[in-house]
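entry.pdb follows (PDB, C-alpha atoms):
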```pdb
ATOM      1  CA  MET A  29      -6.753  19.167  -2.527  1.00  0.00           C
ATOM      2  CA  ALA A  30      -5.845  21.783   0.090  1.00  0.00           C
ATOM      3  CA  TYR A  31      -6.016  21.284   3.852  1.00  0.00           C
ATOM      4  CA  ASN A  32      -9.283  23.186   4.149  1.00  0.00           C
ATOM      5  CA  ARG A  33     -10.970  20.797   1.695  1.00  0.00           C
ATOM      6  CA  PHE A  34     -10.527  17.736   3.920  1.00  0.00           C
ATOM      7  CA  THR A  35     -13.479  16.369   5.850  1.00  0.00           C
ATOM      8  CA  LEU A  36     -12.870  14.230   8.906  1.00  0.00           C
ATOM      9  CA  GLN A  37     -13.958  11.105   7.014  1.00  0.00           C
ATOM     10  CA  GLU A  38     -11.630  11.884   4.090  1.00  0.00           C
ATOM     11  CA  VAL A  39      -8.575  12.383   6.271  1.00  0.00           C
ATOM     12  CA  GLU A  40      -9.361   9.188   8.232  1.00  0.00           C
ATOM     13  CA  GLN A  41      -9.641   7.142   5.036  1.00  0.00           C
ATOM     14  CA  ARG A  42      -6.765   8.672   3.088  1.00  0.00           C
ATOM     15  CA  PHE A  43      -4.230   8.333   5.902  1.00  0.00           C
ATOM     16  CA  GLY A  44      -5.594   5.244   7.660  1.00  0.00           C
ATOM     17  CA  LEU A  45      -6.256   7.049  10.937  1.00  0.00           C
ATOM     18  CA  GLN A  46      -8.098   5.489  13.852  1.00  0.00           C
ATOM     19  CA  VAL A  47      -9.949   8.327  15.578  1.00  0.00           C
ATOM     20  CA  GLU A  48     -10.948   8.244  19.253  1.00  0.00           C
ATOM     21  CA  ARG A  49     -13.657  10.783  20.058  1.00  0.00           C
ATOM     22  CA  ASP A  50     -14.390  10.123  23.730  1.00  0.00           C
ATOM     23  CA  GLU A  51     -10.997  10.249  25.461  1.00  0.00           C
ATOM     24  CA  GLN A  52     -10.239  13.287  27.568  1.00  0.00           C
ATOM     25  CA  MET A  53      -6.647  14.167  26.723  1.00  0.00           C
ATOM     26  CA  PHE A  54      -6.253  16.347  29.813  1.00  0.00           C
ATOM     27  CA  PRO A  55      -8.446  14.845  32.572  1.00  0.00           C
ATOM     28  CA  THR A  56      -6.696  17.045  35.139  1.00  0.00           C
ATOM     29  CA  PRO A  57      -5.953  20.102  33.011  1.00  0.00           C
ATOM     30  CA  PRO A  58      -2.715  21.924  33.726  1.00  0.00           C
ATOM     31  CA  GLN A  59      -3.007  25.579  34.716  1.00  0.00           C
ATOM     32  CA  ALA A  60      -0.879  28.602  33.817  1.00  0.00           C
ATOM     33  CA  ILE A  61      -1.147  32.148  35.092  1.00  0.00           C
ATOM     34  CA  PRO A  62      -1.876  34.632  32.291  1.00  0.00           C
ATOM     35  CA  SER A  63       0.128  37.816  32.134  1.00  0.00           C
ATOM     36  CA  ALA A  64      -1.574  41.082  33.036  1.00  0.00           C
ATOM     37  CA  PHE A  65      -0.924  42.165  29.458  1.00  0.00           C
ATOM     38  CA  LEU A  66      -2.886  39.242  28.008  1.00  0.00           C
ATOM     39  CA  GLU A  67      -5.758  39.703  30.460  1.00  0.00           C
ATOM     40  CA  THR A  68      -6.006  43.398  29.574  1.00  0.00           C
ATOM     41  CA  THR A  69      -5.731  42.692  25.842  1.00  0.00           C
ATOM     42  CA  LEU A  70      -8.477  40.065  25.888  1.00  0.00           C
ATOM     43  CA  ALA A  71     -10.714  42.215  28.092  1.00  0.00           C
ATOM     44  CA  ARG A  72     -10.445  44.975  25.498  1.00  0.00           C
ATOM     45  CA  ASN A  73     -10.733  42.710  22.470  1.00  0.00           C
ATOM     46  CA  LEU A  74     -13.361  40.127  23.381  1.00  0.00           C
ATOM     47  CA  SER A  75     -16.582  42.071  22.878  1.00  0.00           C
ATOM     48  CA  LEU A  76     -15.170  43.762  19.773  1.00  0.00           C
ATOM     49  CA  ALA A  77     -14.205  40.419  18.198  1.00  0.00           C
ATOM     50  CA  LEU A  78     -17.557  38.838  19.056  1.00  0.00           C
ATOM     51  CA  ASP A  79     -19.500  41.866  17.774  1.00  0.00           C
ATOM     52  CA  MET A  80     -17.548  41.958  14.508  1.00  0.00           C
ATOM     53  CA  ASN A  81     -18.003  38.169  14.292  1.00  0.00           C
ATOM     54  CA  THR A  82     -15.601  37.559  11.420  1.00  0.00           C
ATOM     55  CA  GLU A  83     -12.857  34.931  11.280  1.00  0.00           C
ATOM     56  CA  LYS A  84     -10.267  37.646  10.683  1.00  0.00           C
ATOM     57  CA  ALA A  85     -11.344  39.648  13.738  1.00  0.00           C
ATOM     58  CA  ARG A  86     -11.353  36.565  15.970  1.00  0.00           C
ATOM     59  CA  SER A  87      -7.956  35.537  14.617  1.00  0.00           C
ATOM     60  CA  GLU A  88      -6.314  38.899  15.189  1.00  0.00           C
ATOM     61  CA  LEU A  89      -8.044  39.949  18.403  1.00  0.00           C
ATOM     62  CA  LEU A  90      -8.385  36.658  20.299  1.00  0.00           C
ATOM     63  CA  ILE A  91      -6.352  33.785  18.866  1.00  0.00           C
ATOM     64  CA  ALA A  92      -3.088  35.588  18.049  1.00  0.00           C
ATOM     65  CA  PRO A  93      -2.743  37.241  21.498  1.00  0.00           C
ATOM     66  CA  VAL A  94      -3.213  33.868  23.244  1.00  0.00           C
ATOM     67  CA  LEU A  95      -0.576  32.231  21.025  1.00  0.00           C
ATOM     68  CA  VAL A  96       1.865  35.103  21.537  1.00  0.00           C
ATOM     69  CA  GLU A  97       1.408  34.610  25.291  1.00  0.00           C
ATOM     70  CA  ILE A  98       2.545  30.991  24.846  1.00  0.00           C
ATOM     71  CA  ILE A  99       5.702  32.187  23.080  1.00  0.00           C
ATOM     72  CA  GLU A 100       6.399  34.635  25.894  1.00  0.00           C
ATOM     73  CA  GLN A 101       5.729  32.133  28.666  1.00  0.00           C
ATOM     74  CA  ARG A 102       8.160  29.742  26.978  1.00  0.00           C
ATOM     75  CA  GLN A 103      10.700  32.611  26.900  1.00  0.00           C
ATOM     76  CA  ARG A 104      10.758  32.613  23.104  1.00  0.00           C
ATOM     77  CA  GLU A 105      12.210  29.093  22.966  1.00  0.00           C
ATOM     78  CA  ILE A 106       9.434  28.225  20.513  1.00  0.00           C
ATOM     79  CA  SER A 107       8.128  30.072  17.477  1.00  0.00           C
ATOM     80  CA  LEU A 108       4.806  31.034  15.958  1.00  0.00           C
ATOM     81  CA  HIS A 109       4.113  30.948  12.228  1.00  0.00           C
ATOM     82  CA  SER A 110       0.981  32.592  10.883  1.00  0.00           C
ATOM     83  CA  GLY A 111      -0.578  32.133   7.455  1.00  0.00           C
ATOM     84  CA  ILE A 112       2.398  30.290   5.981  1.00  0.00           C
ATOM     85  CA  ASP A 113       2.433  27.950   3.001  1.00  0.00           C
ATOM     86  CA  PHE A 114       2.905  24.493   4.481  1.00  0.00           C
ATOM     87  CA  THR A 115       3.064  22.272   1.421  1.00  0.00           C
ATOM     88  CA  VAL A 116       4.492  18.914   2.486  1.00  0.00           C
ATOM     89  CA  ASP A 117       3.144  16.491  -0.158  1.00  0.00           C
ATOM     90  CA  ARG A 118       0.920  17.941  -2.859  1.00  0.00           C
ATOM     91  CA  SER A 119       0.162  14.468  -4.293  1.00  0.00           C
ATOM     92  CA  LEU A 120      -1.570  13.536  -1.014  1.00  0.00           C
ATOM     93  CA  GLY A 121      -3.358  16.855  -0.642  1.00  0.00           C
ATOM     94  CA  LEU A 122      -1.042  17.979   2.157  1.00  0.00           C
ATOM     95  CA  ALA A 123      -0.721  21.443   0.727  1.00  0.00           C
ATOM     96  CA  GLY A 124      -1.905  24.938   1.412  1.00  0.00           C
ATOM     97  CA  PHE A 125      -1.741  27.662   3.991  1.00  0.00           C
ATOM     98  CA  CYS A 126      -2.087  27.115   7.737  1.00  0.00           C
ATOM     99  CA  ASP A 127      -3.745  29.614  10.035  1.00  0.00           C
ATOM    100  CA  PHE A 128      -1.118  29.134  12.765  1.00  0.00           C
ATOM    101  CA  LEU A 129       1.677  26.671  13.525  1.00  0.00           C
ATOM    102  CA  LEU A 130       3.732  26.495  16.706  1.00  0.00           C
ATOM    103  CA  SER A 131       7.215  25.011  16.485  1.00  0.00           C
ATOM    104  CA  ARG A 132       9.610  23.718  19.129  1.00  0.00           C
ATOM    105  CA  SER A 133      12.353  25.744  17.483  1.00  0.00           C
ATOM    106  CA  PRO A 134      12.984  29.453  18.155  1.00  0.00           C
ATOM    107  CA  GLN A 135      13.747  29.831  14.425  1.00  0.00           C
ATOM    108  CA  ARG A 136      11.245  32.351  13.016  1.00  0.00           C
ATOM    109  CA  THR A 137      12.388  32.820   9.447  1.00  0.00           C
ATOM    110  CA  GLU A 138      11.606  29.238   8.445  1.00  0.00           C
ATOM    111  CA  LEU A 139       9.519  26.467   9.920  1.00  0.00           C
ATOM    112  CA  VAL A 140      11.363  23.837  11.966  1.00  0.00           C
ATOM    113  CA  ALA A 141       9.801  21.072  14.086  1.00  0.00           C
ATOM    114  CA  PRO A 142       6.072  21.927  14.079  1.00  0.00           C
ATOM    115  CA  VAL A 143       4.197  20.509  17.084  1.00  0.00           C
ATOM    116  CA  LEU A 144       0.852  22.336  17.169  1.00  0.00           C
ATOM    117  CA  THR A 145      -1.467  23.330  14.336  1.00  0.00           C
ATOM    118  CA  VAL A 146      -4.212  25.877  15.002  1.00  0.00           C
ATOM    119  CA  VAL A 147      -7.251  26.074  12.733  1.00  0.00           C
ATOM    120  CA  GLU A 148      -9.805  28.872  12.849  1.00  0.00           C
ATOM    121  CA  ALA A 149     -13.280  27.355  12.765  1.00  0.00           C
ATOM    122  CA  LYS A 150     -15.194  28.529   9.731  1.00  0.00           C
ATOM    123  CA  LYS A 151     -18.657  29.903  10.532  1.00  0.00           C
ATOM    124  CA  GLU A 152     -18.026  29.005  14.190  1.00  0.00           C
ATOM    125  CA  ASP A 153     -18.299  25.301  13.235  1.00  0.00           C
ATOM    126  CA  ILE A 154     -15.632  23.608  15.368  1.00  0.00           C
ATOM    127  CA  PRO A 155     -16.403  19.997  14.283  1.00  0.00           C
ATOM    128  CA  GLY A 156     -16.291  21.179  10.666  1.00  0.00           C
ATOM    129  CA  GLY A 157     -12.615  22.093  11.208  1.00  0.00           C
ATOM    130  CA  PHE A 158     -11.508  18.660  12.450  1.00  0.00           C
ATOM    131  CA  GLY A 159     -10.691  17.356   8.958  1.00  0.00           C
ATOM    132  CA  GLN A 160      -8.533  20.354   8.101  1.00  0.00           C
ATOM    133  CA  CYS A 161      -6.796  20.247  11.469  1.00  0.00           C
ATOM    134  CA  LEU A 162      -6.017  16.518  11.250  1.00  0.00           C
ATOM    135  CA  ALA A 163      -4.717  16.928   7.680  1.00  0.00           C
ATOM    136  CA  GLU A 164      -2.348  19.655   8.898  1.00  0.00           C
ATOM    137  CA  MET A 165      -1.305  17.421  11.794  1.00  0.00           C
ATOM    138  CA  VAL A 166      -0.512  14.564   9.386  1.00  0.00           C
ATOM    139  CA  ALA A 167       1.526  17.033   7.338  1.00  0.00           C
ATOM    140  CA  ALA A 168       3.398  18.175  10.466  1.00  0.00           C
ATOM    141  CA  GLN A 169       4.067  14.541  11.367  1.00  0.00           C
ATOM    142  CA  ARG A 170       5.485  13.837   7.894  1.00  0.00           C
ATOM    143  CA  PHE A 171       7.452  17.094   7.865  1.00  0.00           C
ATOM    144  CA  ASN A 172       9.094  16.104  11.151  1.00  0.00           C
ATOM    145  CA  GLN A 173       9.872  12.607   9.854  1.00  0.00           C
ATOM    146  CA  LEU A 174      11.492  14.071   6.731  1.00  0.00           C
ATOM    147  CA  HIS A 175      13.621  16.344   8.902  1.00  0.00           C
ATOM    148  CA  ASP A 176      14.571  13.613  11.398  1.00  0.00           C
ATOM    149  CA  THR A 177      13.088  15.246  14.477  1.00  0.00           C
ATOM    150  CA  SER A 178      12.270  13.061  17.452  1.00  0.00           C
ATOM    151  CA  ILE A 179       8.762  14.510  17.864  1.00  0.00           C
ATOM    152  CA  VAL A 180       6.320  11.645  18.406  1.00  0.00           C
ATOM    153  CA  THR A 181       3.114  13.528  19.240  1.00  0.00           C
ATOM    154  CA  ILE A 182       1.500  16.280  17.178  1.00  0.00           C
ATOM    155  CA  TYR A 183      -1.271  18.387  18.658  1.00  0.00           C
ATOM    156  CA  GLY A 184      -3.943  20.429  16.978  1.00  0.00           C
ATOM    157  CA  VAL A 185      -6.667  22.804  18.020  1.00  0.00           C
ATOM    158  CA  VAL A 186      -9.776  24.089  16.275  1.00  0.00           C
ATOM    159  CA  THR A 187     -11.003  27.369  17.694  1.00  0.00           C
ATOM    160  CA  THR A 188     -13.516  30.144  17.270  1.00  0.00           C
ATOM    161  CA  GLY A 189     -11.311  32.332  19.458  1.00  0.00           C
ATOM    162  CA  ASP A 190     -13.567  32.008  22.482  1.00  0.00           C
ATOM    163  CA  ARG A 191     -14.023  28.189  22.263  1.00  0.00           C
ATOM    164  CA  TRP A 192     -11.123  25.711  21.766  1.00  0.00           C
ATOM    165  CA  ARG A 193     -11.102  21.918  21.023  1.00  0.00           C
ATOM    166  CA  PHE A 194      -7.871  19.917  21.131  1.00  0.00           C
ATOM    167  CA  LEU A 195      -6.694  16.999  18.986  1.00  0.00           C
ATOM    168  CA  ARG A 196      -3.685  14.670  19.220  1.00  0.00           C
ATOM    169  CA  LEU A 197      -1.918  12.469  16.651  1.00  0.00           C
ATOM    170  CA  GLN A 198       0.493   9.654  17.543  1.00  0.00           C
ATOM    171  CA  GLY A 199       1.322   7.421  14.587  1.00  0.00           C
ATOM    172  CA  THR A 200      -2.069   6.657  13.064  1.00  0.00           C
ATOM    173  CA  GLN A 201      -3.917   7.068  16.377  1.00  0.00           C
ATOM    174  CA  ALA A 202      -5.844  10.335  16.514  1.00  0.00           C
ATOM    175  CA  THR A 203      -7.801  11.695  19.443  1.00  0.00           C
ATOM    176  CA  ILE A 204     -10.410  14.440  19.401  1.00  0.00           C
ATOM    177  CA  ASP A 205     -10.954  15.612  22.957  1.00  0.00           C
ATOM    178  CA  PRO A 206     -14.712  15.997  23.653  1.00  0.00           C
ATOM    179  CA  THR A 207     -14.069  18.880  26.058  1.00  0.00           C
ATOM    180  CA  GLU A 208     -14.519  22.425  24.838  1.00  0.00           C
ATOM    181  CA  ILE A 209     -12.243  24.914  26.598  1.00  0.00           C
ATOM    182  CA  TYR A 210     -13.586  28.452  26.858  1.00  0.00           C
ATOM    183  CA  LEU A 211     -11.536  31.619  26.779  1.00  0.00           C
ATOM    184  CA  ALA A 212     -13.138  32.468  30.131  1.00  0.00           C
ATOM    185  CA  SER A 213     -11.070  29.554  31.543  1.00  0.00           C
ATOM    186  CA  LEU A 214      -7.853  31.243  30.449  1.00  0.00           C
ATOM    187  CA  PRO A 215      -5.507  29.542  32.994  1.00  0.00           C
ATOM    188  CA  THR A 216      -6.720  26.125  31.794  1.00  0.00           C
ATOM    189  CA  LEU A 217      -6.426  27.084  28.129  1.00  0.00           C
ATOM    190  CA  LEU A 218      -2.885  28.403  28.594  1.00  0.00           C
ATOM    191  CA  GLY A 219      -1.897  25.380  30.668  1.00  0.00           C
ATOM    192  CA  ILE A 220      -3.031  22.986  27.946  1.00  0.00           C
ATOM    193  CA  LEU A 221      -1.389  25.001  25.175  1.00  0.00           C
ATOM    194  CA  LEU A 222       1.881  25.071  27.105  1.00  0.00           C
ATOM    195  CA  ARG A 223       1.676  21.303  27.620  1.00  0.00           C
ATOM    196  CA  THR A 224       1.253  20.714  23.864  1.00  0.00           C
ATOM    197  CA  VAL A 225       4.474  22.548  23.016  1.00  0.00           C
ATOM    198  CA  ALA A 226       6.569  21.182  25.900  1.00  0.00           C
TER     199      ALA A 226
END
```
What would you get if you wrote out this structure as structure tokens?
Amino acid sequence: MAYNRFTLQEVEQRFGLQVERDEQMFPTPPQAIPSAFLETTLARNLSLALDMNTEKARSELLIAPVLVEIIEQRQREISLHSGIDFTVDRSLGLAGFCDFLLSRSPQRTELVAPVLTVVEAKKEDIPGGFGQCLAEMVAAQRFNQLHDTSIVTIYGVVTTGDRWRFLRLQGTQATIDPTEIYLASLPTLLGILLRTVA
């Protein structure tokens, strides 16, 4: 089984997760000022990405620029990995390619210390991506344990590019934040993303 085959129910049962669906993870959301470059890029890209309405267009034109902004705002102390094979335990189905992973390490040639998994919502179905996202988060948790990192909390996000939903995993306790963050609220979105990789 690959990450994108997991449903929310399957990942809950297979890994014994207790999922909280009503807790706001960021009741007072942090804010971050976007760069002029990002604002210009998104202003140019938004209508094009929405008109094209493909996962690839949204990924390249909306999601990737936001994630690159996070790297820049953290002064390249963290790294972004796109479309990499993240096979952690094939026997448990923790195998396959991830859309995006952010790591607390500046190392770009290989993945070290993943802290945030980003899943592109298929057919704009954000809840349909929760299973895949949580499976990738479990894999990141196990990867970090195998490599003796001290990372306790793994974050995830499922996005259409213009809408973002955040998840958190601590041990077997998972949280799916009920709040949808819109690209139009860019300072809030950036603030939350920066908090997840801090």
Near Phe43 (chain A), within 12 Å and counting all atoms listed in the file, which residues show up once chain neighbours fewer than 2 positions away are dropped, as number ranges by chain? A: 34, 36-41, 45-47, 120-122, 159, 162-167, 169-170, 197, 199-202
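For the residues A:Leu74, A:Arg196, A:Tyr210, A:Asp176, ranking by smallest atom-to-atom distance to Glu48 (chain A) using only C-alpha atoms places A:Arg196 first.
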Expected answer as a list in words: all residues with atoms within 8 Å of (4.7, 15.9, 24.9), all atoms listed in the file: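 I get Val180, Thr181, Arg223, Thr224, Val225 and Ala226 of chain A for the residues within 8 Å of that point.
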For region 145-158 of chain A, work out the shell of residues within 10 Å, counting all atoms listed in the file and skipping chain neighbours fewer than 2 positions away, then give it as a PyMOL selection string. chain A and resi 31-37+39+81-84+86-87+91+95+109-110+126-131+142-143+160-165+167-168+182-195+204+208
Resulting file, chosen residues, C-alpha atoms, as a short mmCIF file (atom, residue, chain, number, x, y, z; two decimals), in the frame of the given file:
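selection_19.cif written:
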```cif
data_model
loop_
_atom_site.label_atom_id
_atom_site.label_comp_id
_atom_site.auth_asym_id
_atom_site.auth_seq_id
_atom_site.Cartn_x
_atom_site.Cartn_y
_atom_site.Cartn_z
CA TYR A 31 -6.02 21.28 3.85
CA ASN A 32 -9.28 23.19 4.15
CA ARG A 33 -10.97 20.80 1.70
CA PHE A 34 -10.53 17.74 3.92
CA THR A 35 -13.48 16.37 5.85
CA LEU A 36 -12.87 14.23 8.91
CA GLN A 37 -13.96 11.10 7.01
CA VAL A 39 -8.57 12.38 6.27
CA ASN A 81 -18.00 38.17 14.29
CA THR A 82 -15.60 37.56 11.42
CA GLU A 83 -12.86 34.93 11.28
CA LYS A 84 -10.27 37.65 10.68
CA ARG A 86 -11.35 36.56 15.97
CA SER A 87 -7.96 35.54 14.62
CA ILE A 91 -6.35 33.78 18.87
CA LEU A 95 -0.58 32.23 21.02
CA HIS A 109 4.11 30.95 12.23
CA SER A 110 0.98 32.59 10.88
CA CYS A 126 -2.09 27.12 7.74
CA ASP A 127 -3.74 29.61 10.04
CA PHE A 128 -1.12 29.13 12.76
CA LEU A 129 1.68 26.67 13.52
CA LEU A 130 3.73 26.50 16.71
CA SER A 131 7.22 25.01 16.48
CA PRO A 142 6.07 21.93 14.08
CA VAL A 143 4.20 20.51 17.08
CA GLN A 160 -8.53 20.35 8.10
CA CYS A 161 -6.80 20.25 11.47
CA LEU A 162 -6.02 16.52 11.25
CA ALA A 163 -4.72 16.93 7.68
CA GLU A 164 -2.35 19.66 8.90
CA MET A 165 -1.30 17.42 11.79
CA ALA A 167 1.53 17.03 7.34
CA ALA A 168 3.40 18.18 10.47
CA ILE A 182 1.50 16.28 17.18
CA TYR A 183 -1.27 18.39 18.66
CA GLY A 184 -3.94 20.43 16.98
CA VAL A 185 -6.67 22.80 18.02
CA VAL A 186 -9.78 24.09 16.27
CA THR A 187 -11.00 27.37 17.69
CA THR A 188 -13.52 30.14 17.27
CA GLY A 189 -11.31 32.33 19.46
CA ASP A 190 -13.57 32.01 22.48
CA ARG A 191 -14.02 28.19 22.26
CA TRP A 192 -11.12 25.71 21.77
CA ARG A 193 -11.10 21.92 21.02
CA PHE A 194 -7.87 19.92 21.13
CA LEU A 195 -6.69 17.00 18.99
CA ILE A 204 -10.41 14.44 19.40
CA GLU A 208 -14.52 22.42 24.84
#
```
What is the CA of Gln59 (chain A)-CA of Pro215 (chain A) distance in Å, reported with one decimal?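 CA of Gln59 (chain A) sits 5.0 Å away from CA of Pro215 (chain A).
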What would the selection look like, as a list in words, if the PyMOL selection byres ((chain A and resi 97) around 9) were run on the coordinates I just shared?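 On this input, the PyMOL selection byres ((chain A and resi 97) around 9) captures Pro62, Ser63, Phe65, Leu66, Ala92, Pro93, Val94, Leu95, Val96, Ile98, Ile99, Glu100, Gln101, Arg102 and Leu218 of chain A.
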Let me see the file: selected residues, C-alpha atoms, as a short mmCIF file (atom, residue, chain, number, x, y, z; two decimals), in the frame of the given file.
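Full text of part-v3.cif as output:
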```
data_model
loop_
_atom_site.label_atom_id
_atom_site.label_comp_id
_atom_site.auth_asym_id
_atom_site.auth_seq_id
_atom_site.Cartn_x
_atom_site.Cartn_y
_atom_site.Cartn_z
CA PRO A 62 -1.88 34.63 32.29
CA SER A 63 0.13 37.82 32.13
CA PHE A 65 -0.92 42.16 29.46
CA LEU A 66 -2.89 39.24 28.01
CA ALA A 92 -3.09 35.59 18.05
CA PRO A 93 -2.74 37.24 21.50
CA VAL A 94 -3.21 33.87 23.24
CA LEU A 95 -0.58 32.23 21.02
CA VAL A 96 1.86 35.10 21.54
CA ILE A 98 2.54 30.99 24.85
CA ILE A 99 5.70 32.19 23.08
CA GLU A 100 6.40 34.64 25.89
CA GLN A 101 5.73 32.13 28.67
CA ARG A 102 8.16 29.74 26.98
CA LEU A 218 -2.88 28.40 28.59
#
```
I'd like the interatomic distance between CA of Thr137 (chain A) and CA of Leu217 (chain A), to a tenth of an Å.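 One can read the CA of Thr137 (chain A) to CA of Leu217 (chain A) distance as 27.1 Å.
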Would you compute the distance between CA of Pro134 (chain A) and CA of Arg104 (chain A)? Give it in Å to one decimal.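 About the pair CA of Pro134 (chain A) and CA of Arg104 (chain A): they are 6.3 Å apart.
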Find the smallest box with edges along x, y and z containing every listed atom of region 189-202 of chain A, then add 4 Å on each side and report centre and edge lengths in Å to one decimal, as JSON.
```
{"center_x": -6.4, "center_y": 19.5, "center_z": 17.8, "size_x": 23.3, "size_y": 33.7, "size_z": 17.4}
```
Enumerate, as an NGL selection string, the residues matched when the PyMOL selection byres ((chain A and resi 132) around 6) is run on the file above. :A and (106 or 131 or 133 or 141)
Kindly resolve the PyMOL selection byres ((chain A and resi 51) around 8) on the present coordinates and return the residues as a list of chain:residue names.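 Applying the expression gives A:Glu48, A:Arg49, A:Asp50, A:Gln52, A:Met53, A:Thr203, A:Ile204, A:Asp205, A:Pro206.
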Restricting to all atoms listed in the file, whichever of A:Gln135, A:Met29, A:Leu222, A:Glu105 is closest to Ala123 (chain A) is A:Met29
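Taking all atoms listed in the file into account, Val116 (chain A) lies nearest to A:His175 out of the set A:Arg136, A:His175, A:Gly44, A:Leu221.
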From A:Met80, A:Ile220, A:Leu144, A:Leu108, residue lying nearest Asn172 (chain A) [all atoms listed in the file]: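 Looking at the shortest contact to Asn172 (chain A), the residue is A:Leu144.
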From the options A:Glu67, A:Leu139, A:Pro57, A:Ser178, which residue's atoms come nearest to Ser107 (chain A), counting only C-alpha atoms?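 Selected residue with least distance to Ser107 (chain A): A:Leu139.
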